[in-house]
Amino acid sequence: MLRPYVQFPDDTIIAYGEAQEDQTVEIVIERPRDWGFDSARCIMPAYRWLDVDGFPDEDIERLESFLRDNAPLIFEFANDPESGWRAA
């Protein structure tokens, strides 16, 4: 199950999955476009990018920087399903 982490003004959404036994966390990023979505996945903490579609390299660099800056909080949320964002 993915949980939303942040939504940027351009409607890019970053979501995270639960921490796995090996302490990896899958990050899914989507941004709407006229004919669907730009999308990418990142496996943290290795920052291994998979299935990148529509995001240019400079966007991936900015997104990776954001993920690195937010890694402690993302891992905290991913390790505790009761924490993090909740719908009101």
# chains A, B, ... in the order shown; residues from 1 in each chain; ligands from 1
>>> residues_around(residues="region 18-34 of chain A", least_positions_apart="6", cutoff="7 Å", atoms="only C-alpha atoms", output="list in words")
Asp11, Thr12, Ala40, Arg41, Cys42, Ile43, Met44, Pro45, Ala78 and Asn79 of chain A
>>> select_by_dssp(residues="region 8-77 of chain A", states="strand (DSSP E or B)", output="number ranges by chain")
A: 13-16, 25-33, 36-44, 48-53
>>> residues_around(residues="Val52 (chain A)", least_positions_apart="2", cutoff="7 Å", atoms="only C-alpha atoms", output="list of chain:residue names")
A:Ser39, A:Ala40, A:Arg41, A:Trp49, A:Leu50, A:Gly54, A:Phe55
>>> atom_distance(atom1="CA of Asp10 (chain A)", atom2="CA of Asp80 (chain A)")
28.6 Å
>>> atom_distance(atom1="CA of Phe37 (chain A)", atom2="CA of Asp53 (chain A)")
8.4 Å
>>> select_by_dssp(residues="region 1-87 of chain A", states="alpha helix (DSSP H)", output="JSON, numbers by chain")
{"A": [57, 58, 59, 60, 61, 62, 63, 64, 65, 66, 67, 68, 69, 70, 71, 72, 73, 74, 75, 76, 77, 78, 79]}
>>> residues_around(residues="Arg68 (chain A)", least_positions_apart="4", cutoff="10 Å", atoms="only C-alpha atoms", output="compact mmCIF listing (two decimals) with N, CA and C atoms, in the first residue's frame")
# COMPACT_ATOMS: atom_id res chain seq x y z
N MET A 44 14.79 3.36 -2.06
CA MET A 44 15.68 3.97 -1.08
C MET A 44 16.11 2.89 -0.08
N PRO A 45 17.29 2.95 0.49
CA PRO A 45 18.23 4.06 0.50
C PRO A 45 19.27 4.04 -0.62
N TYR A 47 18.72 4.73 -3.70
CA TYR A 47 18.33 5.74 -4.70
C TYR A 47 18.50 5.15 -6.11
N ARG A 62 16.63 16.74 -9.12
CA ARG A 62 15.94 17.54 -8.09
C ARG A 62 15.10 16.65 -7.17
N LEU A 63 14.43 15.68 -7.75
CA LEU A 63 13.62 14.76 -6.94
C LEU A 63 14.50 13.93 -6.01
N GLU A 64 15.64 13.48 -6.50
CA GLU A 64 16.55 12.72 -5.64
C GLU A 64 17.08 13.58 -4.51
N PRO A 72 15.07 10.85 6.41
CA PRO A 72 14.77 10.45 7.79
C PRO A 72 13.27 10.39 8.07
N ILE A 74 10.77 10.13 5.81
CA ILE A 74 10.16 9.08 4.98
C ILE A 74 10.37 7.71 5.62
